[in-house]
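Note sheet for the following structure.
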Amino acid sequence: MKLLIVGDLHLRTRTPARRTEPDFSAVCLNKLKQIIDLADQDDSIVVQVGDFFDSADPSKALVAAVIEALNHGRYLDDSPPCWLAIHGQHDLQYHSDAARQRSALRVLSAAQSVSLLDLESDRCSGDVCFYGASFGQTPLRPTTVGFNVLVAHAMVGDKPLWPGQDLTGPEDYVKKHPGYDLYCLGDYHYPYSIRVGDAWVINAGCVLRLTADERDRTRRPKVVRFDTSTRTPKDEYLAVTPEALAFDLDGYERDQQAQQAKESFAAMADVMKGKGLLGVNFKDNLVEAFDRLSTPESVRQKVWDCWQNL
């Protein structure tokens, strides 16, 4: 069986900060149609790992456009949905599991545009069986014999997103949830394909570049083809607007430095409050916190600059 693994889509109408496109829904639908075309090339089953929409209440016009795109041509042979999906936290109102029954993905399912995987059921085609674990759900142990695929929305990554993040790695995730031949994971926005024993753990990464952060804006969004017979992944990169045209970076570095200084100041204030380190002299308090936290000189200077400009 041929699969096309698709990461977090985050389809939306609102243009992210510093993106230049006036109609961001058109950008989203362009990516969606590229994925549909790639799947049609070899009749792949598309596996989408959650956060299909960026909001639990997406625009009705966007939902309608998605249904039209996914159902285009399907009624010619009355074939069943070839998209399998689960819920991410962005798809769920208040991030509540109970909200699955009234989500936009349920509308897509009712329109026969996607087939939802959940803990109450699995989908099998021949010797390939799919199991789903939406956001907040614990994956079940597979009960079928054959090639088992887990589709889960879980924060599992190959490297931390920030210093000190307690991040579950692919090896630990497989150890905790054994029995699958392929793990298709979402939530973590940066791609990796890692072999763990005889299994593959694949995160295709977020389909959209949603922030001007260097690691995000310089990404090459992609999907991953996977053949269950040969057990081999292959990256398929999507066409994107060049970084210089897609993002307005005027003043970005200055704004980032100011934001980092603000966050550092707030973090130090929390530490001082929590440990009873506040004295009567503001400057002395800062110096003591700087030393205790081994704050880099560049951050110290930025904090001083911000304080003096208050």
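Letters for chains follow the order of the structure tokens (A, B, ...), residue numbers begin at 1 for each chain, and ligand numbers begin at 1 in the order shown.
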
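Every protein, DNA or RNA residue with an atom at most 12 Å from A:Lys175, where only C-alpha atoms count and chain neighbours fewer than 3 positions away do not, is listed here: Arg141, Thr168, Gly169, Pro170, Glu171, Asp172, Pro178, Gly179, Tyr180, Tyr183, Val196, Gly197, Ala199 and Val201 of chain A.
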
Those same residues - all heavy atoms - I'd like them written as an mmCIF file, in the first residue's frame.
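To be explicit, this is the file written out as again-v7.cif:
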data_model
loop_
_atom_site.group_PDB
_atom_site.id
_atom_site.type_symbol
_atom_site.label_atom_id
_atom_site.label_comp_id
_atom_site.auth_asym_id
_atom_site.auth_seq_id
_atom_site.Cartn_x
_atom_site.Cartn_y
_atom_site.Cartn_z
ATOM 1 N N ARG A 141 -3.029 -0.595 22.166
ATOM 2 C CA ARG A 141 -2.103 -1.616 21.671
ATOM 3 C C ARG A 141 -2.755 -2.298 20.472
ATOM 4 O O ARG A 141 -3.914 -2.723 20.566
ATOM 5 C CB ARG A 141 -1.800 -2.643 22.779
ATOM 6 C CG ARG A 141 -0.761 -3.689 22.437
ATOM 7 C CD ARG A 141 0.631 -3.105 22.376
ATOM 8 N NE ARG A 141 1.083 -2.602 23.669
ATOM 9 C CZ ARG A 141 1.796 -3.324 24.555
ATOM 10 N NH1 ARG A 141 2.104 -4.583 24.275
ATOM 11 N NH2 ARG A 141 2.183 -2.783 25.690
ATOM 12 N N THR A 168 9.674 14.243 24.644
ATOM 13 C CA THR A 168 9.739 12.807 24.395
ATOM 14 C C THR A 168 10.387 12.559 23.038
ATOM 15 O O THR A 168 10.007 13.175 22.048
ATOM 16 C CB THR A 168 8.337 12.188 24.413
ATOM 17 O OG1 THR A 168 7.742 12.402 25.698
ATOM 18 C CG2 THR A 168 8.388 10.688 24.120
ATOM 19 N N GLY A 169 11.368 11.677 22.990
ATOM 20 C CA GLY A 169 12.019 11.343 21.736
ATOM 21 C C GLY A 169 11.327 10.171 21.051
ATOM 22 O O GLY A 169 10.554 9.430 21.676
ATOM 23 N N PRO A 170 11.579 9.967 19.754
ATOM 24 C CA PRO A 170 10.941 8.870 19.015
ATOM 25 C C PRO A 170 11.196 7.500 19.645
ATOM 26 O O PRO A 170 10.290 6.662 19.707
ATOM 27 C CB PRO A 170 11.574 8.975 17.625
ATOM 28 C CG PRO A 170 11.973 10.406 17.503
ATOM 29 C CD PRO A 170 12.400 10.818 18.866
ATOM 30 N N GLU A 171 12.425 7.253 20.096
ATOM 31 C CA GLU A 171 12.737 5.952 20.684
ATOM 32 C C GLU A 171 11.898 5.687 21.937
ATOM 33 O O GLU A 171 11.361 4.585 22.128
ATOM 34 C CB GLU A 171 14.231 5.867 21.018
ATOM 35 C CG GLU A 171 15.154 5.939 19.820
ATOM 36 C CD GLU A 171 15.435 7.365 19.366
ATOM 37 O OE1 GLU A 171 14.873 8.324 19.978
ATOM 38 O OE2 GLU A 171 16.190 7.537 18.397
ATOM 39 N N ASP A 172 11.784 6.704 22.800
ATOM 40 C CA ASP A 172 10.998 6.541 24.024
ATOM 41 C C ASP A 172 9.514 6.353 23.709
ATOM 42 O O ASP A 172 8.816 5.593 24.389
ATOM 43 C CB ASP A 172 11.177 7.754 24.935
ATOM 44 C CG ASP A 172 12.563 7.819 25.562
ATOM 45 O OD1 ASP A 172 13.215 6.764 25.646
ATOM 46 O OD2 ASP A 172 12.993 8.917 25.940
ATOM 47 N N PRO A 178 4.437 0.180 21.983
ATOM 48 C CA PRO A 178 5.010 -0.773 21.026
ATOM 49 C C PRO A 178 3.947 -1.454 20.161
ATOM 50 O O PRO A 178 2.746 -1.331 20.402
ATOM 51 C CB PRO A 178 5.691 -1.783 21.943
ATOM 52 C CG PRO A 178 4.838 -1.788 23.180
ATOM 53 C CD PRO A 178 4.389 -0.359 23.355
ATOM 54 N N GLY A 179 4.420 -2.155 19.139
ATOM 55 C CA GLY A 179 3.537 -3.006 18.348
ATOM 56 C C GLY A 179 3.196 -2.480 16.975
ATOM 57 O O GLY A 179 2.508 -3.162 16.210
ATOM 58 N N TYR A 180 3.679 -1.279 16.647
ATOM 59 C CA TYR A 180 3.368 -0.697 15.339
ATOM 60 C C TYR A 180 4.582 -0.780 14.412
ATOM 61 O O TYR A 180 5.735 -0.756 14.849
ATOM 62 C CB TYR A 180 2.928 0.760 15.493
ATOM 63 C CG TYR A 180 1.582 0.906 16.165
ATOM 64 C CD1 TYR A 180 1.487 1.140 17.536
ATOM 65 C CD2 TYR A 180 0.412 0.784 15.436
ATOM 66 C CE1 TYR A 180 0.250 1.260 18.157
ATOM 67 C CE2 TYR A 180 -0.830 0.901 16.047
ATOM 68 C CZ TYR A 180 -0.901 1.137 17.398
ATOM 69 O OH TYR A 180 -2.130 1.243 18.013
ATOM 70 N N TYR A 183 4.811 4.763 12.669
ATOM 71 C CA TYR A 183 4.244 5.776 13.551
ATOM 72 C C TYR A 183 4.209 7.093 12.772
ATOM 73 O O TYR A 183 5.258 7.634 12.408
ATOM 74 C CB TYR A 183 5.104 5.957 14.805
ATOM 75 C CG TYR A 183 5.187 4.738 15.695
ATOM 76 C CD1 TYR A 183 5.977 3.637 15.336
ATOM 77 C CD2 TYR A 183 4.491 4.673 16.903
ATOM 78 C CE1 TYR A 183 6.061 2.524 16.145
ATOM 79 C CE2 TYR A 183 4.574 3.561 17.721
ATOM 80 C CZ TYR A 183 5.365 2.482 17.335
ATOM 81 O OH TYR A 183 5.448 1.380 18.147
ATOM 82 N N VAL A 196 13.438 3.085 14.232
ATOM 83 C CA VAL A 196 13.568 2.585 15.601
ATOM 84 C C VAL A 196 13.311 1.088 15.557
ATOM 85 O O VAL A 196 12.168 0.644 15.423
ATOM 86 C CB VAL A 196 12.572 3.275 16.562
ATOM 87 C CG1 VAL A 196 12.741 2.718 17.975
ATOM 88 C CG2 VAL A 196 12.773 4.784 16.558
ATOM 89 N N GLY A 197 14.359 0.308 15.635
ATOM 90 C CA GLY A 197 14.219 -1.133 15.454
ATOM 91 C C GLY A 197 13.734 -1.415 14.042
ATOM 92 O O GLY A 197 14.307 -0.945 13.061
ATOM 93 N N ALA A 199 10.712 -0.496 13.075
ATOM 94 C CA ALA A 199 9.631 0.461 12.809
ATOM 95 C C ALA A 199 10.189 1.791 12.314
ATOM 96 O O ALA A 199 11.341 2.149 12.576
ATOM 97 C CB ALA A 199 8.805 0.685 14.078
ATOM 98 N N VAL A 201 9.418 5.945 12.470
ATOM 99 C CA VAL A 201 8.704 7.036 13.121
ATOM 100 C C VAL A 201 8.869 8.256 12.218
ATOM 101 O O VAL A 201 9.990 8.707 11.969
ATOM 102 C CB VAL A 201 9.263 7.344 14.521
ATOM 103 C CG1 VAL A 201 8.424 8.429 15.197
ATOM 104 C CG2 VAL A 201 9.300 6.082 15.364
#

Please identify every residue of stretch 171-265 of chain A that has at least one atom no farther than 12 Å from an atom of stretch 47-69 of chain A, counting only C-alpha atoms, and for each give the shortest atom pair and the distance in Å to one decimal, arranged by chain then increasing number, as a tab-separated table.
residue	atom	partner	partner_atom	distance
A:Leu182	CA	A:Val47	CA	11.5
A:Tyr183	CA	A:Val49	CA	10.2
A:Cys184	CA	A:Val49	CA	6.7
A:Leu185	CA	A:Val49	CA	5.9
A:Gly186	CA	A:Val49	CA	5.0
A:Asp187	CA	A:Gly50	CA	7.4
A:Tyr188	CA	A:Val49	CA	10.4
A:His189	CA	A:Asp51	CA	10.7
A:Ile202	CA	A:Val49	CA	10.4
A:Asn203	CA	A:Val49	CA	8.6
A:Ala204	CA	A:Val49	CA	9.2
A:Gly205	CA	A:Val49	CA	9.9
A:Cys206	CA	A:Asp51	CA	9.4
A:Val207	CA	A:Phe52	CA	10.1
A:Leu208	CA	A:Asp54	CA	10.6
A:Leu210	CA	A:Asp54	CA	10.3
A:Val223	CA	A:Gln48	CA	9.9
A:Val224	CA	A:Val47	CA	9.8
A:Arg225	CA	A:Val47	CA	10.0
A:Phe226	CA	A:Val47	CA	10.3

Using only C-alpha atoms for the distances, tell me which of A:Leu29, A:Leu161, A:Val128, A:Ala85 is nearest to A:Gly146. A:Val128

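As for atom CA of A:Thr15 and atom CA of A:Asp216, they are spaced 15.4 Å apart.
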
Stretch 192-267 of chain A: which residues are alpha helix (DSSP H) by DSSP, as a PyMOL selection string? chain A and resi 214-217+243-246+252-267

Put those residues in a file: N, CA, C and O atoms, as a short mmCIF file (atom, residue, chain, number, x, y, z; two decimals), in the first residue's frame.
data_model
loop_
_atom_site.label_atom_id
_atom_site.label_comp_id
_atom_site.auth_asym_id
_atom_site.auth_seq_id
_atom_site.Cartn_x
_atom_site.Cartn_y
_atom_site.Cartn_z
N GLU A 214 13.43 32.07 12.29
CA GLU A 214 14.32 31.60 11.23
C GLU A 214 14.14 30.11 10.94
O GLU A 214 14.10 29.69 9.77
N ARG A 215 14.02 29.31 11.98
CA ARG A 215 13.88 27.87 11.75
C ARG A 215 12.59 27.54 11.01
O ARG A 215 12.54 26.60 10.21
N ASP A 216 11.55 28.34 11.25
CA ASP A 216 10.26 28.09 10.60
C ASP A 216 10.24 28.63 9.18
O ASP A 216 9.86 27.94 8.23
N ARG A 217 10.65 29.87 9.02
CA ARG A 217 10.51 30.50 7.69
C ARG A 217 11.46 29.91 6.66
O ARG A 217 11.22 30.03 5.46
N GLU A 243 11.21 32.77 0.54
CA GLU A 243 11.22 33.40 1.86
C GLU A 243 11.23 34.92 1.78
O GLU A 243 10.50 35.60 2.51
N ALA A 244 12.04 35.49 0.88
CA ALA A 244 12.17 36.95 0.78
C ALA A 244 10.86 37.61 0.37
O ALA A 244 10.63 38.78 0.69
N LEU A 245 10.00 36.88 -0.34
CA LEU A 245 8.72 37.43 -0.78
C LEU A 245 7.58 37.09 0.17
O LEU A 245 6.59 37.83 0.25
N ALA A 246 7.71 35.98 0.88
CA ALA A 246 6.62 35.53 1.75
C ALA A 246 6.60 36.23 3.10
O ALA A 246 5.55 36.27 3.76
N TYR A 252 12.45 42.97 12.14
CA TYR A 252 12.15 41.72 12.84
C TYR A 252 13.20 41.43 13.92
O TYR A 252 12.85 41.07 15.05
N GLU A 253 14.48 41.57 13.57
CA GLU A 253 15.54 41.26 14.54
C GLU A 253 15.45 42.17 15.76
O GLU A 253 15.59 41.70 16.90
N ARG A 254 15.19 43.45 15.53
CA ARG A 254 15.06 44.38 16.65
C ARG A 254 13.88 43.99 17.55
O ARG A 254 14.00 43.96 18.79
N ASP A 255 12.75 43.64 16.94
CA ASP A 255 11.58 43.25 17.72
C ASP A 255 11.83 41.97 18.51
O ASP A 255 11.37 41.84 19.64
N GLN A 256 12.56 41.03 17.88
CA GLN A 256 12.86 39.78 18.57
C GLN A 256 13.74 40.01 19.78
O GLN A 256 13.53 39.42 20.84
N GLN A 257 14.75 40.88 19.63
CA GLN A 257 15.64 41.16 20.76
C GLN A 257 14.88 41.81 21.90
O GLN A 257 15.10 41.48 23.08
N ALA A 258 13.98 42.72 21.56
CA ALA A 258 13.19 43.38 22.59
C ALA A 258 12.27 42.38 23.30
O ALA A 258 12.12 42.41 24.53
N GLN A 259 11.69 41.46 22.53
CA GLN A 259 10.80 40.46 23.11
C GLN A 259 11.58 39.50 24.01
O GLN A 259 11.12 39.15 25.10
N GLN A 260 12.78 39.10 23.56
CA GLN A 260 13.61 38.21 24.37
C GLN A 260 14.02 38.87 25.68
O GLN A 260 14.03 38.23 26.74
N ALA A 261 14.36 40.15 25.59
CA ALA A 261 14.73 40.88 26.80
C ALA A 261 13.55 40.96 27.76
O ALA A 261 13.70 40.78 28.98
N LYS A 262 12.36 41.22 27.21
CA LYS A 262 11.16 41.30 28.03
C LYS A 262 10.88 39.98 28.72
O LYS A 262 10.56 39.92 29.91
N GLU A 263 11.01 38.87 27.96
CA GLU A 263 10.77 37.55 28.53
C GLU A 263 11.81 37.20 29.57
O GLU A 263 11.50 36.60 30.61
N SER A 264 13.07 37.57 29.32
CA SER A 264 14.13 37.30 30.29
C SER A 264 13.89 38.08 31.58
O SER A 264 14.07 37.56 32.68
N PHE A 265 13.46 39.32 31.42
CA PHE A 265 13.17 40.15 32.59
C PHE A 265 12.04 39.54 33.41
O PHE A 265 12.11 39.44 34.64
N ALA A 266 10.97 39.08 32.72
CA ALA A 266 9.83 38.48 33.42
C ALA A 266 10.24 37.20 34.13
O ALA A 266 9.82 36.93 35.26
N ALA A 267 11.08 36.38 33.45
CA ALA A 267 11.52 35.13 34.05
C ALA A 267 12.36 35.39 35.30
O ALA A 267 12.22 34.71 36.32
#

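For the atom pair formed by atom CA of A:Trp304 and atom CA of A:Leu249, the distance is 25.3 Å, given to one decimal.
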
When DSSP works through the backbone of this structure, what residues of stretch 8-243 of chain A end up as strand (DSSP E or B), shown as a ChimeraX atom specification? /A:11,19,45-48,53,83-85,115-116,118,121-125,128-133,147-156,168,182-187,192-196,199-203,222-227,232-237

Export, as a tab-separated table (two decimals), in the first residue's frame, the selected residues with C-alpha atoms.
chain	number	residue	atom	x	y	z
A	11	LEU	CA	-5.62	25.67	7.42
A	19	ARG	CA	3.43	36.95	6.12
A	45	ILE	CA	-3.95	6.97	0.92
A	46	VAL	CA	-3.36	10.29	2.65
A	47	VAL	CA	-2.63	10.11	6.38
A	48	GLN	CA	-3.10	13.46	8.16
A	53	PHE	CA	-7.54	23.46	10.83
A	83	TRP	CA	-7.95	10.75	3.48
A	84	LEU	CA	-7.51	9.42	7.01
A	85	ALA	CA	-7.35	12.04	9.77
A	115	SER	CA	-12.39	9.20	7.28
A	116	LEU	CA	-11.74	9.78	10.99
A	118	ASP	CA	-10.27	7.25	16.77
A	121	SER	CA	-12.25	1.76	15.75
A	122	ASP	CA	-9.51	0.94	13.31
A	123	ARG	CA	-9.37	0.87	9.53
A	124	CYS	CA	-7.96	-2.14	7.71
A	125	SER	CA	-7.29	-2.66	4.03
A	128	VAL	CA	-2.55	-2.86	6.58
A	129	CYS	CA	-4.43	-1.53	9.62
A	130	PHE	CA	-4.62	2.07	10.83
A	131	TYR	CA	-5.13	3.15	14.43
A	132	GLY	CA	-5.70	6.72	15.58
A	133	ALA	CA	-4.98	8.67	18.76
A	147	PHE	CA	1.33	-4.00	8.99
A	148	ASN	CA	0.06	-1.73	11.78
A	149	VAL	CA	0.08	2.06	11.44
A	150	LEU	CA	-0.40	4.47	14.35
A	151	VAL	CA	-1.57	8.00	13.54
A	152	ALA	CA	-1.15	10.18	16.63
A	153	HIS	CA	-1.07	13.85	17.58
A	154	ALA	CA	1.63	13.85	20.23
A	155	MET	CA	4.57	16.11	21.04
A	156	VAL	CA	7.42	13.83	20.04
A	168	THR	CA	9.74	12.81	24.39
A	182	LEU	CA	4.83	2.80	11.26
A	183	TYR	CA	4.24	5.78	13.55
A	184	CYS	CA	2.82	8.88	11.81
A	185	LEU	CA	3.08	11.73	14.31
A	186	GLY	CA	2.02	15.38	14.45
A	187	ASP	CA	2.04	18.39	16.80
A	192	TYR	CA	12.13	13.87	10.87
A	193	SER	CA	12.09	10.25	9.70
A	194	ILE	CA	13.77	7.90	12.15
A	195	ARG	CA	14.16	4.12	12.18
A	196	VAL	CA	13.57	2.58	15.60
A	199	ALA	CA	9.63	0.46	12.81
A	200	TRP	CA	9.65	3.89	11.20
A	201	VAL	CA	8.70	7.04	13.12
A	202	ILE	CA	7.79	9.85	10.73
A	203	ASN	CA	6.78	13.44	11.29
A	222	LYS	CA	6.96	18.63	2.51
A	223	VAL	CA	4.95	15.43	2.72
A	224	VAL	CA	6.39	11.94	2.99
A	225	ARG	CA	5.56	9.02	0.72
A	226	PHE	CA	5.71	5.61	2.35
A	227	ASP	CA	5.42	2.20	0.68
A	232	THR	CA	10.83	3.06	2.61
A	233	PRO	CA	9.99	6.77	3.06
A	234	LYS	CA	10.54	9.41	0.39
A	235	ASP	CA	10.27	13.17	0.87
A	236	GLU	CA	8.12	15.18	-1.54
A	237	TYR	CA	8.66	18.93	-1.23

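Across the model, the gap from atom CA of A:Asp37 to atom CA of A:Arg220 is 18.1 Å.
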